[in-house]
$ cat work38.txt   # compact mmCIF, C-alpha atoms
# COMPACT_ATOMS: atom_id res chain seq x y z
CA MET A 230 -36.54 -15.11 -2.84
CA ASN A 231 -39.35 -17.18 -4.36
CA GLU A 232 -40.73 -18.13 -0.97
CA GLY A 233 -44.36 -17.11 -0.69
CA PHE A 234 -44.79 -16.70 -4.43
CA ALA A 235 -48.04 -18.07 -5.82
CA LEU A 236 -49.28 -17.49 -9.34
CA ASP A 237 -52.52 -15.52 -9.48
CA PRO A 238 -55.33 -18.03 -10.08
CA ARG A 239 -56.71 -16.09 -13.06
CA LEU A 240 -53.31 -16.17 -14.75
CA ALA A 241 -53.03 -19.86 -13.92
CA ALA A 242 -56.46 -20.57 -15.42
CA ASP A 243 -55.75 -18.74 -18.69
CA THR A 244 -52.23 -19.96 -19.42
CA ALA A 245 -49.91 -22.94 -19.83
CA SER A 246 -46.43 -22.94 -18.34
CA VAL A 247 -43.58 -22.60 -20.82
CA ALA A 248 -40.47 -22.41 -18.67
CA GLU A 249 -38.91 -21.07 -15.50
CA LEU A 250 -36.51 -18.24 -16.34
CA PRO A 251 -34.08 -17.05 -13.66
CA LEU A 252 -36.46 -14.35 -12.40
CA SER A 253 -39.80 -15.11 -14.00
CA ARG A 254 -42.24 -17.85 -14.73
CA LEU A 255 -42.92 -17.79 -18.45
CA LEU A 256 -46.48 -18.55 -19.49
CA LEU A 257 -48.29 -19.00 -22.80
CA MET A 258 -51.72 -17.39 -22.94
CA ASP A 259 -54.19 -20.03 -24.05
CA ASP A 260 -55.65 -17.91 -26.82
CA ALA A 261 -54.99 -19.12 -30.34
CA ARG A 262 -55.89 -15.71 -31.79
CA PHE A 263 -52.59 -14.20 -30.66
CA PRO A 264 -49.20 -15.80 -29.93
CA TRP A 265 -48.90 -14.33 -26.45
CA LEU A 266 -46.45 -14.84 -23.60
CA ILE A 267 -46.64 -13.57 -20.04
CA LEU A 268 -43.73 -13.21 -17.64
CA VAL A 269 -44.41 -13.26 -13.90
CA PRO A 270 -41.47 -12.52 -11.59
CA ARG A 271 -41.48 -15.20 -8.89
CA ARG A 272 -41.49 -12.89 -5.90
CA PRO A 273 -44.44 -12.37 -3.61
CA GLY A 274 -46.34 -9.11 -3.34
CA LEU A 275 -45.21 -7.40 -6.54
CA VAL A 276 -47.67 -5.03 -8.22
CA GLU A 277 -45.72 -2.27 -9.98
CA LEU A 278 -42.44 -2.53 -11.89
CA ALA A 279 -41.13 -0.13 -9.26
CA ASP A 280 -41.64 -2.87 -6.64
CA LEU A 281 -38.57 -4.55 -8.14
CA ASP A 282 -35.16 -3.01 -7.47
CA ARG A 283 -33.32 -1.63 -10.46
CA ALA A 284 -31.20 -4.71 -11.08
CA ALA A 285 -34.28 -6.92 -11.06
CA GLN A 286 -36.11 -4.51 -13.38
CA HIS A 287 -33.23 -4.85 -15.83
CA ALA A 288 -33.23 -8.64 -15.42
CA LEU A 289 -36.95 -8.69 -16.13
CA LEU A 290 -36.46 -6.63 -19.28
CA ASP A 291 -33.71 -9.03 -20.38
CA GLU A 292 -36.16 -11.90 -19.92
CA VAL A 293 -38.83 -9.99 -21.85
CA GLN A 294 -36.37 -9.64 -24.71
CA ARG A 295 -35.43 -13.32 -24.54
CA ALA A 296 -39.09 -14.32 -24.55
CA GLY A 297 -39.86 -11.89 -27.35
CA ALA A 298 -37.09 -13.29 -29.55
CA ALA A 299 -38.34 -16.84 -29.04
CA LEU A 300 -41.93 -15.82 -29.66
CA ARG A 301 -40.99 -14.00 -32.83
CA ALA A 302 -39.05 -17.01 -34.09
CA ALA A 303 -41.97 -19.34 -33.33
CA ALA A 304 -44.63 -16.99 -34.66
CA PRO A 305 -43.43 -14.45 -37.22
CA CYS A 306 -45.20 -11.16 -36.71
CA ASP A 307 -45.36 -7.53 -37.77
CA LYS A 308 -44.94 -6.05 -34.30
CA LEU A 309 -44.33 -7.17 -30.76
CA ASN A 310 -46.57 -5.56 -28.16
CA VAL A 311 -45.09 -5.38 -24.67
CA GLY A 312 -47.17 -4.24 -21.74
CA ALA A 313 -47.48 -4.28 -17.98
CA LEU A 314 -51.02 -3.22 -17.11
CA GLY A 315 -52.38 -4.98 -14.02
CA ASN A 316 -55.77 -3.28 -13.89
CA VAL A 317 -57.54 -6.63 -13.57
CA VAL A 318 -54.87 -9.00 -12.21
CA ARG A 319 -52.73 -6.98 -9.85
CA GLN A 320 -49.86 -9.46 -9.56
CA LEU A 321 -47.00 -7.97 -11.58
CA HIS A 322 -46.88 -9.57 -15.02
CA VAL A 323 -45.58 -8.49 -18.41
CA HIS A 324 -47.29 -9.36 -21.67
CA VAL A 325 -45.35 -10.03 -24.88
CA VAL A 326 -47.71 -10.44 -27.81
CA ALA A 327 -46.88 -11.23 -31.44
CA ARG A 328 -49.16 -9.03 -33.52
CA ARG A 329 -49.96 -9.50 -37.18
CA ALA A 330 -51.61 -6.90 -39.37
CA GLY A 331 -55.22 -8.02 -39.65
CA ASP A 332 -55.28 -10.18 -36.53
CA ALA A 333 -58.45 -10.29 -34.43
CA ALA A 334 -57.70 -7.03 -32.61
CA TRP A 335 -55.43 -5.20 -35.08
CA PRO A 336 -54.42 -2.41 -34.73
CA GLY A 337 -55.98 -2.15 -31.28
CA PRO A 338 -54.58 -3.76 -28.15
CA VAL A 339 -55.32 -7.41 -27.33
CA TRP A 340 -56.36 -6.69 -23.76
CA GLY A 341 -60.12 -6.74 -23.44
CA ALA A 342 -60.57 -7.54 -27.14
CA GLY A 343 -63.24 -10.17 -27.68
CA ARG A 344 -63.10 -13.64 -26.19
CA ALA A 345 -60.16 -15.99 -25.99
CA GLU A 346 -60.20 -18.99 -28.32
CA ARG A 347 -58.38 -21.85 -26.68
CA TYR A 348 -55.76 -23.80 -28.60
CA ALA A 349 -56.45 -27.35 -29.64
CA ALA A 350 -54.38 -29.43 -27.22
CA ASP A 351 -51.97 -30.71 -29.87
CA ALA A 352 -51.40 -27.25 -31.31
CA ARG A 353 -50.71 -25.87 -27.83
CA GLU A 354 -48.25 -28.64 -27.05
CA ALA A 355 -46.47 -28.12 -30.37
CA LEU A 356 -46.11 -24.39 -29.72
CA LEU A 357 -44.90 -24.98 -26.17
CA ALA A 358 -42.29 -27.44 -27.41
CA ARG A 359 -41.13 -25.02 -30.10
CA LEU A 360 -40.85 -22.17 -27.60
CA ARG A 361 -38.91 -24.32 -25.12
CA ALA A 362 -36.49 -25.37 -27.87
CA LEU A 363 -35.99 -21.75 -28.93
CA LEU A 364 -35.38 -20.66 -25.34
CA GLY A 365 -32.58 -23.20 -25.13
CA MET B 156 -26.61 9.56 -31.90
CA ASN B 157 -29.66 11.81 -32.22
CA GLU B 158 -28.78 12.77 -35.77
CA GLY B 159 -31.61 11.93 -38.11
CA PHE B 160 -34.16 11.62 -35.30
CA ALA B 161 -37.53 13.18 -36.01
CA LEU B 162 -40.59 12.72 -33.88
CA ASP B 163 -43.43 10.94 -35.66
CA PRO B 164 -45.93 13.61 -36.74
CA ARG B 165 -48.88 11.80 -35.13
CA LEU B 166 -47.08 11.73 -31.79
CA ALA B 167 -46.16 15.37 -32.24
CA ALA B 168 -49.78 16.30 -32.98
CA ASP B 169 -51.18 14.49 -29.93
CA THR B 170 -48.68 15.53 -27.28
CA ALA B 171 -46.87 18.37 -25.57
CA SER B 172 -43.16 18.18 -24.79
CA VAL B 173 -42.28 17.72 -21.12
CA ALA B 174 -38.51 17.32 -21.10
CA GLU B 175 -35.49 15.85 -22.81
CA LEU B 176 -34.18 12.91 -20.79
CA PRO B 177 -30.71 11.53 -21.60
CA LEU B 178 -32.07 8.94 -24.05
CA SER B 179 -35.69 9.92 -24.64
CA ARG B 180 -37.93 12.79 -25.41
CA LEU B 181 -40.63 12.84 -22.75
CA LEU B 182 -44.11 13.81 -23.96
CA LEU B 183 -47.46 14.42 -22.28
CA MET B 184 -50.41 12.99 -24.17
CA ASP B 185 -52.93 15.78 -24.64
CA ASP B 186 -55.83 13.79 -23.24
CA ALA B 187 -57.26 15.03 -19.96
CA ARG B 188 -59.02 11.69 -19.35
CA PHE B 189 -55.74 10.00 -18.42
CA PRO B 190 -52.48 11.41 -17.03
CA TRP B 191 -50.31 9.85 -19.73
CA LEU B 192 -46.65 10.19 -20.61
CA ILE B 193 -44.82 8.86 -23.67
CA LEU B 194 -41.08 8.30 -23.97
CA VAL B 195 -39.49 8.32 -27.42
CA PRO B 196 -35.80 7.39 -27.63
CA ARG B 197 -34.10 10.01 -29.79
CA ARG B 198 -32.51 7.66 -32.27
CA PRO B 199 -33.63 7.25 -35.86
CA GLY B 200 -35.19 4.10 -37.22
CA LEU B 201 -36.22 2.38 -33.99
CA VAL B 202 -39.31 0.18 -34.07
CA GLU B 203 -38.89 -2.65 -31.55
CA LEU B 204 -37.30 -2.52 -28.09
CA ALA B 205 -34.84 -5.04 -29.55
CA ASP B 206 -33.61 -2.33 -31.92
CA LEU B 207 -31.86 -0.79 -28.91
CA ASP B 208 -28.80 -2.52 -27.52
CA ARG B 209 -29.08 -3.95 -24.03
CA ALA B 210 -27.54 -0.98 -22.26
CA ALA B 211 -29.93 1.39 -24.00
CA GLN B 212 -32.89 -0.87 -23.20
CA HIS B 213 -31.92 -0.63 -19.54
CA ALA B 214 -31.49 3.12 -19.82
CA LEU B 215 -34.93 3.40 -21.38
CA LEU B 216 -36.45 1.36 -18.55
CA ASP B 217 -34.72 3.63 -16.03
CA GLU B 218 -36.30 6.62 -17.77
CA VAL B 219 -39.70 4.88 -17.76
CA GLN B 220 -39.35 4.46 -14.00
CA ARG B 221 -38.28 8.07 -13.56
CA ALA B 222 -41.22 9.27 -15.63
CA GLY B 223 -43.60 6.95 -13.81
CA ALA B 224 -42.53 8.22 -10.41
CA ALA B 225 -43.05 11.83 -11.49
CA LEU B 226 -46.40 11.03 -13.06
CA ARG B 227 -47.57 9.20 -9.96
CA ALA B 228 -46.53 12.14 -7.77
CA ALA B 229 -48.35 14.60 -10.03
CA ALA B 230 -51.43 12.42 -10.51
CA PRO B 231 -52.05 9.87 -7.77
CA CYS B 232 -53.37 6.65 -9.25
CA ASP B 233 -54.31 3.07 -8.55
CA LYS B 234 -52.05 1.49 -11.18
CA LEU B 235 -49.47 2.53 -13.68
CA ASN B 236 -49.87 0.99 -17.13
CA VAL B 237 -46.66 0.68 -19.13
CA GLY B 238 -46.74 -0.40 -22.74
CA ALA B 239 -44.82 -0.42 -25.99
CA LEU B 240 -47.26 -1.28 -28.76
CA GLY B 241 -46.50 0.47 -32.03
CA ASN B 242 -49.29 -1.02 -34.13
CA VAL B 243 -50.37 2.41 -35.36
CA VAL B 244 -47.28 4.59 -34.89
CA ARG B 245 -44.27 2.41 -35.62
CA GLN B 246 -41.64 4.75 -34.17
CA LEU B 247 -40.54 3.13 -30.89
CA HIS B 248 -42.33 4.78 -27.98
CA VAL B 249 -43.29 3.70 -24.48
CA HIS B 250 -46.52 4.71 -22.78
CA VAL B 251 -46.75 5.33 -19.04
CA VAL B 252 -50.33 5.93 -17.99
CA ALA B 253 -51.70 6.73 -14.53
CA ARG B 254 -54.88 4.70 -14.18
CA ARG B 255 -57.62 5.27 -11.63
CA ALA B 256 -60.35 2.80 -10.85
CA GLY B 257 -63.41 4.12 -12.65
CA ASP B 258 -61.54 6.22 -15.20
CA ALA B 259 -62.92 6.46 -18.74
CA ALA B 260 -61.43 3.14 -19.87
CA TRP B 261 -61.10 1.23 -16.57
CA PRO B 262 -60.23 -1.64 -16.32
CA GLY B 263 -59.52 -1.86 -20.04
CA PRO B 264 -56.51 -0.36 -21.77
CA VAL B 265 -56.44 3.29 -22.82
CA TRP B 266 -55.26 2.57 -26.35
CA GLY B 267 -58.14 2.83 -28.76
CA ALA B 268 -60.59 3.70 -25.98
CA GLY B 269 -62.93 6.48 -27.02
CA ARG B 270 -61.79 9.91 -28.09
CA ALA B 271 -59.14 12.10 -26.54
CA GLU B 272 -60.35 15.14 -24.61
CA ARG B 273 -57.77 17.87 -24.85
CA TYR B 274 -56.63 19.71 -21.74
CA ALA B 275 -57.59 23.31 -21.23
CA ALA B 276 -54.40 25.23 -21.98
CA ASP B 277 -53.89 26.43 -18.42
CA ALA B 278 -54.44 22.95 -16.97
CA ARG B 279 -51.96 21.49 -19.44
CA GLU B 280 -49.35 24.11 -18.61
CA ALA B 281 -49.83 23.55 -14.88
CA LEU B 282 -49.37 19.80 -15.25
CA LEU B 283 -46.31 20.27 -17.47
CA ALA B 284 -44.78 22.61 -14.91
CA ARG B 285 -45.49 20.17 -12.09
CA LEU B 286 -43.97 17.27 -14.01
CA ARG B 287 -40.86 19.27 -14.88
CA ALA B 288 -40.41 20.23 -11.23
CA LEU B 289 -40.81 16.61 -10.14
CA LEU B 290 -38.29 15.42 -12.73
CA GLY B 291 -35.80 17.85 -11.25
$ encode --input "work38.txt" --output "structure tokens"
Amino acid sequence: MNEGFALDPRLAADTASVAELPLSRLLLMDDARFPWLILVPRRPGLVELADLDRAAQHALLDEVQRAGAALRAAAPCDKLNVGALGNVVRQLHVHVVARRAGDAAWPGPVWGAGRAERYAADAREALLARLRALLG
Amino acid sequence: MNEGFALDPRLAADTASVAELPLSRLLLMDDARFPWLILVPRRPGLVELADLDRAAQHALLDEVQRAGAALRAAAPCDKLNVGALGNVVRQLHVHVVARRAGDAAWPGPVWGAGRAERYAADAREALLARLRALLG
């Protein structure tokens, strides 16, 4: 099922890998302004949610919830933002972003807001380790 | 289950009602720049997707897909954008937006992009009728 899957190079360039979930590759966006995860189902050629069958759509939502719970535990927030846009990177991917009142884009969306600020390497590794522990 | 549900007044002011789906009220955003639906589960006190149990989360996603298919049939597009943000209106709601390359916010997100342009009444009624027919 994963044969032929390759992560979009823009997603690869902007993220660090957190874990492989049963359906999706879980990524951390390398932007210290917002605790931000991205799920990419490991199947080739997906663009829209509707390109997954119903069972896989439900499985993806379960993984979004699992990722969201871990993110929220690692980075307490006021609101989770969940979105599947794909206007720039067409490969199907779902964002889960921990938003805090007053953060760099609040209350607007994070997509297209300003420029990413990369994590310091040790801070990124610490967050990745915390997320992996929370995901079990 | 719907007892105590009341649509957020900002959502009510910005939308027209399309239909009642089994879980959600389906709304059309009154912004002619983007064919844009919003689903609001008719249960009181919801903020996060995680406030729904798993079966209801799946049911909501099924309704998102149903709404997205109708929207796409009524308004051909290059990409559907699906998002649950809630930074401004906390009542749980899911956006389904038909995006076209070159539209007023492309390739950025629609949320917070410029000012809504209301439909002419006859255009809004025609789109509502088309959507209702497509939803069966």
$ interface_residues --input "work38.txt" --of "chain B" --to "chain A" --cutoff "7 Å" --atoms "all atoms listed in the file" --output "ChimeraX atom specification"
/B:205,213,220,234-240,242-243,262-264,266-267
$ residues_near_point --input "work38.txt" --point "(-41.2, 9.3, -21.9)" --cutoff "8 Å" --atoms "only C-alpha atoms" --output "list in words"
Leu176, Ser179, Arg180, Leu181, Leu182, Leu192, Ile193, Leu194, Val195, Glu218, Val219, Ala222, His248, Val249, His250 and Val251 of chain B
$ write_last_selection --input "work38.txt" --atoms "C-alpha atoms" --output "short mmCIF file (atom, residue, chain, number, x, y, z; two decimals), in the coordinates of the input"
data_model
loop_
_atom_site.label_atom_id
_atom_site.label_comp_id
_atom_site.auth_asym_id
_atom_site.auth_seq_id
_atom_site.Cartn_x
_atom_site.Cartn_y
_atom_site.Cartn_z
CA LEU B 176 -34.18 12.91 -20.79
CA SER B 179 -35.69 9.92 -24.64
CA ARG B 180 -37.93 12.79 -25.41
CA LEU B 181 -40.63 12.84 -22.75
CA LEU B 182 -44.11 13.81 -23.96
CA LEU B 192 -46.65 10.19 -20.61
CA ILE B 193 -44.82 8.86 -23.67
CA LEU B 194 -41.08 8.30 -23.97
CA VAL B 195 -39.49 8.32 -27.42
CA GLU B 218 -36.30 6.62 -17.77
CA VAL B 219 -39.70 4.88 -17.76
CA ALA B 222 -41.22 9.27 -15.63
CA HIS B 248 -42.33 4.78 -27.98
CA VAL B 249 -43.29 3.70 -24.48
CA HIS B 250 -46.52 4.71 -22.78
CA VAL B 251 -46.75 5.33 -19.04
#
$ calpha_fit_and_write --input "work38.txt" --fixed "chain B" --moving "chain A" --output "compact mmCIF listing (two decimals) with C-alpha atoms, in the coordinates of the input"
# COMPACT_ATOMS: atom_id res chain seq x y z
CA MET A 230 -26.59 9.55 -31.89
CA ASN A 231 -29.65 11.80 -32.23
CA GLU A 232 -28.77 12.76 -35.78
CA GLY A 233 -31.63 11.93 -38.12
CA PHE A 234 -34.16 11.61 -35.31
CA ALA A 235 -37.53 13.18 -36.03
CA LEU A 236 -40.60 12.73 -33.87
CA ASP A 237 -43.43 10.94 -35.66
CA PRO A 238 -45.94 13.60 -36.74
CA ARG A 239 -48.88 11.79 -35.13
CA LEU A 240 -47.08 11.72 -31.79
CA ALA A 241 -46.17 15.37 -32.25
CA ALA A 242 -49.79 16.29 -32.98
CA ASP A 243 -51.20 14.49 -29.93
CA THR A 244 -48.68 15.53 -27.29
CA ALA A 245 -46.86 18.38 -25.57
CA SER A 246 -43.16 18.17 -24.78
CA VAL A 247 -42.28 17.72 -21.12
CA ALA A 248 -38.52 17.33 -21.09
CA GLU A 249 -35.49 15.85 -22.81
CA LEU A 250 -34.17 12.91 -20.79
CA PRO A 251 -30.71 11.54 -21.60
CA LEU A 252 -32.07 8.95 -24.04
CA SER A 253 -35.68 9.92 -24.64
CA ARG A 254 -37.94 12.80 -25.41
CA LEU A 255 -40.64 12.84 -22.76
CA LEU A 256 -44.10 13.81 -23.94
CA LEU A 257 -47.46 14.41 -22.27
CA MET A 258 -50.43 12.99 -24.16
CA ASP A 259 -52.94 15.78 -24.63
CA ASP A 260 -55.84 13.79 -23.24
CA ALA A 261 -57.26 15.03 -19.96
CA ARG A 262 -59.01 11.70 -19.35
CA PHE A 263 -55.75 9.99 -18.40
CA PRO A 264 -52.48 11.39 -17.02
CA TRP A 265 -50.31 9.85 -19.72
CA LEU A 266 -46.65 10.18 -20.63
CA ILE A 267 -44.82 8.86 -23.67
CA LEU A 268 -41.08 8.30 -23.96
CA VAL A 269 -39.48 8.32 -27.41
CA PRO A 270 -35.79 7.38 -27.62
CA ARG A 271 -34.10 10.01 -29.79
CA ARG A 272 -32.51 7.65 -32.28
CA PRO A 273 -33.63 7.25 -35.86
CA GLY A 274 -35.20 4.10 -37.23
CA LEU A 275 -36.21 2.38 -33.99
CA VAL A 276 -39.32 0.18 -34.07
CA GLU A 277 -38.89 -2.65 -31.55
CA LEU A 278 -37.30 -2.53 -28.10
CA ALA A 279 -34.84 -5.05 -29.54
CA ASP A 280 -33.60 -2.33 -31.93
CA LEU A 281 -31.87 -0.79 -28.90
CA ASP A 282 -28.79 -2.52 -27.52
CA ARG A 283 -29.08 -3.95 -24.03
CA ALA A 284 -27.54 -0.98 -22.26
CA ALA A 285 -29.92 1.40 -24.01
CA GLN A 286 -32.88 -0.87 -23.21
CA HIS A 287 -31.93 -0.64 -19.54
CA ALA A 288 -31.48 3.13 -19.81
CA LEU A 289 -34.93 3.39 -21.37
CA LEU A 290 -36.45 1.37 -18.55
CA ASP A 291 -34.71 3.63 -16.03
CA GLU A 292 -36.29 6.62 -17.76
CA VAL A 293 -39.68 4.89 -17.75
CA GLN A 294 -39.34 4.46 -14.01
CA ARG A 295 -38.28 8.08 -13.54
CA ALA A 296 -41.21 9.28 -15.62
CA GLY A 297 -43.59 6.94 -13.82
CA ALA A 298 -42.52 8.23 -10.40
CA ALA A 299 -43.05 11.83 -11.48
CA LEU A 300 -46.39 11.02 -13.06
CA ARG A 301 -47.55 9.20 -9.95
CA ALA A 302 -46.53 12.13 -7.76
CA ALA A 303 -48.35 14.60 -10.02
CA ALA A 304 -51.41 12.42 -10.50
CA PRO A 305 -52.04 9.86 -7.76
CA CYS A 306 -53.37 6.66 -9.25
CA ASP A 307 -54.31 3.07 -8.54
CA LYS A 308 -52.05 1.50 -11.16
CA LEU A 309 -49.45 2.53 -13.68
CA ASN A 310 -49.87 1.00 -17.13
CA VAL A 311 -46.66 0.68 -19.13
CA GLY A 312 -46.73 -0.40 -22.74
CA ALA A 313 -44.82 -0.41 -25.99
CA LEU A 314 -47.27 -1.29 -28.76
CA GLY A 315 -46.50 0.48 -32.04
CA ASN A 316 -49.28 -1.03 -34.13
CA VAL A 317 -50.36 2.40 -35.35
CA VAL A 318 -47.27 4.60 -34.89
CA ARG A 319 -44.28 2.43 -35.62
CA GLN A 320 -41.64 4.74 -34.16
CA LEU A 321 -40.55 3.14 -30.89
CA HIS A 322 -42.34 4.79 -27.98
CA VAL A 323 -43.29 3.70 -24.48
CA HIS A 324 -46.52 4.72 -22.78
CA VAL A 325 -46.74 5.34 -19.03
CA VAL A 326 -50.33 5.92 -17.99
CA ALA A 327 -51.70 6.73 -14.53
CA ARG A 328 -54.88 4.69 -14.18
CA ARG A 329 -57.61 5.27 -11.64
CA ALA A 330 -60.36 2.80 -10.84
CA GLY A 331 -63.41 4.12 -12.67
CA ASP A 332 -61.54 6.22 -15.22
CA ALA A 333 -62.92 6.47 -18.76
CA ALA A 334 -61.43 3.14 -19.87
CA TRP A 335 -61.10 1.23 -16.58
CA PRO A 336 -60.23 -1.61 -16.33
CA GLY A 337 -59.53 -1.85 -20.05
CA PRO A 338 -56.50 -0.37 -21.78
CA VAL A 339 -56.43 3.30 -22.81
CA TRP A 340 -55.26 2.58 -26.34
CA GLY A 341 -58.14 2.82 -28.77
CA ALA A 342 -60.60 3.71 -25.99
CA GLY A 343 -62.95 6.49 -27.04
CA ARG A 344 -61.79 9.92 -28.12
CA ALA A 345 -59.14 12.10 -26.55
CA GLU A 346 -60.36 15.14 -24.62
CA ARG A 347 -57.77 17.87 -24.86
CA TYR A 348 -56.64 19.71 -21.75
CA ALA A 349 -57.61 23.31 -21.24
CA ALA A 350 -54.41 25.23 -21.99
CA ASP A 351 -53.90 26.43 -18.41
CA ALA A 352 -54.45 22.97 -16.97
CA ARG A 353 -51.96 21.49 -19.44
CA GLU A 354 -49.35 24.11 -18.61
CA ALA A 355 -49.84 23.55 -14.88
CA LEU A 356 -49.37 19.80 -15.27
CA LEU A 357 -46.31 20.26 -17.47
CA ALA A 358 -44.76 22.60 -14.91
CA ARG A 359 -45.50 20.17 -12.08
CA LEU A 360 -43.98 17.26 -14.01
CA ARG A 361 -40.86 19.26 -14.89
CA ALA A 362 -40.41 20.23 -11.23
CA LEU A 363 -40.81 16.60 -10.13
CA LEU A 364 -38.30 15.42 -12.74
CA GLY A 365 -35.76 17.80 -11.25
$ closest_residue --input "work38.txt" --among "B:Asp277, B:Asp185, B:Glu272, B:Glu158" --to "Val173 (chain B)" --atoms "all atoms listed in the file"
B:Asp185
$ atom_distance --input "work38.txt" --atom1 "CA of Ala303 (chain A)" --atom2 "CA of Ala242 (chain A)"
23.1 Å
$ atom_distance --input "work38.txt" --atom1 "CA of Pro251 (chain A)" --atom2 "CA of Pro196 (chain B)"
28.2 Å
$ residues_around --input "work38.txt" --residues "Asn231 (chain A)" --least-positions-apart "2" --cutoff "8 Å" --atoms "only C-alpha atoms" --output "VMD selection string"
chain A and resid 233 to 234 271 to 273
$ atom_distance --input "work38.txt" --atom1 "CA of Ala285 (chain A)" --atom2 "CA of Leu252 (chain A)"
7.9 Å
$ closest_residue --input "work38.txt" --among "A:Leu300, A:Asp332, A:Trp265, A:Asp280" --to "Ala362 (chain A)" --atoms "only C-alpha atoms"
A:Leu300
$ axis_aligned_box --input "work38.txt" --around "region 262-270 of chain A" --padding-each-side "5 Å" --output "lines of an AutoDock Vina configuration file"
center_x = -48.7
center_y = -14.2
center_z = -21.7
size_x = 24.4
size_y = 13.3
size_z = 30.2
$ residues_around --input "work38.txt" --residues "region 278-283 of chain B" --least-positions-apart "2" --cutoff "10 Å" --atoms "only C-alpha atoms" --output "PDB file with C-alpha atoms, in the coordinates of the input"
ATOM      1  CA  ALA B 171     -46.870  18.370 -25.570  1.00  0.00           C
ATOM      2  CA  SER B 172     -43.160  18.180 -24.790  1.00  0.00           C
ATOM      3  CA  VAL B 173     -42.280  17.720 -21.120  1.00  0.00           C
ATOM      4  CA  ALA B 174     -38.510  17.320 -21.100  1.00  0.00           C
ATOM      5  CA  LEU B 182     -44.110  13.810 -23.960  1.00  0.00           C
ATOM      6  CA  LEU B 183     -47.460  14.420 -22.280  1.00  0.00           C
ATOM      7  CA  MET B 184     -50.410  12.990 -24.170  1.00  0.00           C
ATOM      8  CA  ASP B 185     -52.930  15.780 -24.640  1.00  0.00           C
ATOM      9  CA  ASP B 186     -55.830  13.790 -23.240  1.00  0.00           C
ATOM     10  CA  ALA B 187     -57.260  15.030 -19.960  1.00  0.00           C
ATOM     11  CA  PRO B 190     -52.480  11.410 -17.030  1.00  0.00           C
ATOM     12  CA  LEU B 226     -46.400  11.030 -13.060  1.00  0.00           C
ATOM     13  CA  ALA B 229     -48.350  14.600 -10.030  1.00  0.00           C
ATOM     14  CA  ALA B 230     -51.430  12.420 -10.510  1.00  0.00           C
ATOM     15  CA  ARG B 273     -57.770  17.870 -24.850  1.00  0.00           C
ATOM     16  CA  TYR B 274     -56.630  19.710 -21.740  1.00  0.00           C
ATOM     17  CA  ALA B 275     -57.590  23.310 -21.230  1.00  0.00           C
ATOM     18  CA  ALA B 276     -54.400  25.230 -21.980  1.00  0.00           C
ATOM     19  CA  ARG B 285     -45.490  20.170 -12.090  1.00  0.00           C
ATOM     20  CA  LEU B 286     -43.970  17.270 -14.010  1.00  0.00           C
ATOM     21  CA  ARG B 287     -40.860  19.270 -14.880  1.00  0.00           C
ATOM     22  CA  ALA B 288     -40.410  20.230 -11.230  1.00  0.00           C
ATOM     23  CA  LEU B 289     -40.810  16.610 -10.140  1.00  0.00           C
TER      24      LEU B 289
END
$ closest_residue --input "work38.txt" --among "A:Ala333, A:Phe263, A:Ala302, A:Gly274" --to "Leu236 (chain A)" --atoms "all atoms listed in the file"
A:Gly274
$ decode --input "work38.txt" --residues "region 176-201 of chain B" --atoms "C-alpha atoms" --output "PDB file, in the first residue's frame"
ATOM      1  CA  LEU B 176     -27.739  16.694   8.051  1.00  0.00           C
ATOM      2  CA  PRO B 177     -28.079  13.911  10.652  1.00  0.00           C
ATOM      3  CA  LEU B 178     -25.386  15.397  12.909  1.00  0.00           C
ATOM      4  CA  SER B 179     -24.748  18.884  11.561  1.00  0.00           C
ATOM      5  CA  ARG B 180     -26.414  22.006  10.398  1.00  0.00           C
ATOM      6  CA  LEU B 181     -25.043  22.780   6.949  1.00  0.00           C
ATOM      7  CA  LEU B 182     -24.514  26.469   6.183  1.00  0.00           C
ATOM      8  CA  LEU B 183     -23.457  28.450   3.124  1.00  0.00           C
ATOM      9  CA  MET B 184     -21.061  31.286   3.874  1.00  0.00           C
ATOM     10  CA  ASP B 185     -22.505  34.443   2.366  1.00  0.00           C
ATOM     11  CA  ASP B 186     -19.337  35.346   0.503  1.00  0.00           C
ATOM     12  CA  ALA B 187     -19.537  35.195  -3.270  1.00  0.00           C
ATOM     13  CA  ARG B 188     -15.728  35.161  -3.571  1.00  0.00           C
ATOM     14  CA  PHE B 189     -15.549  31.534  -2.451  1.00  0.00           C
ATOM     15  CA  PRO B 190     -18.107  28.703  -2.632  1.00  0.00           C
ATOM     16  CA  TRP B 191     -17.893  27.868   1.063  1.00  0.00           C
ATOM     17  CA  LEU B 192     -19.867  25.546   3.306  1.00  0.00           C
ATOM     18  CA  ILE B 193     -19.742  25.236   7.091  1.00  0.00           C
ATOM     19  CA  LEU B 194     -20.890  22.253   9.129  1.00  0.00           C
ATOM     20  CA  VAL B 195     -21.912  22.787  12.752  1.00  0.00           C
ATOM     21  CA  PRO B 196     -22.693  19.672  14.804  1.00  0.00           C
ATOM     22  CA  ARG B 197     -25.977  20.315  16.607  1.00  0.00           C
ATOM     23  CA  ARG B 198     -24.776  19.562  20.099  1.00  0.00           C
ATOM     24  CA  PRO B 199     -24.255  22.161  22.797  1.00  0.00           C
ATOM     25  CA  GLY B 200     -20.872  23.051  24.206  1.00  0.00           C
ATOM     26  CA  LEU B 201     -18.595  21.627  21.513  1.00  0.00           C
TER      27      LEU B 201
END
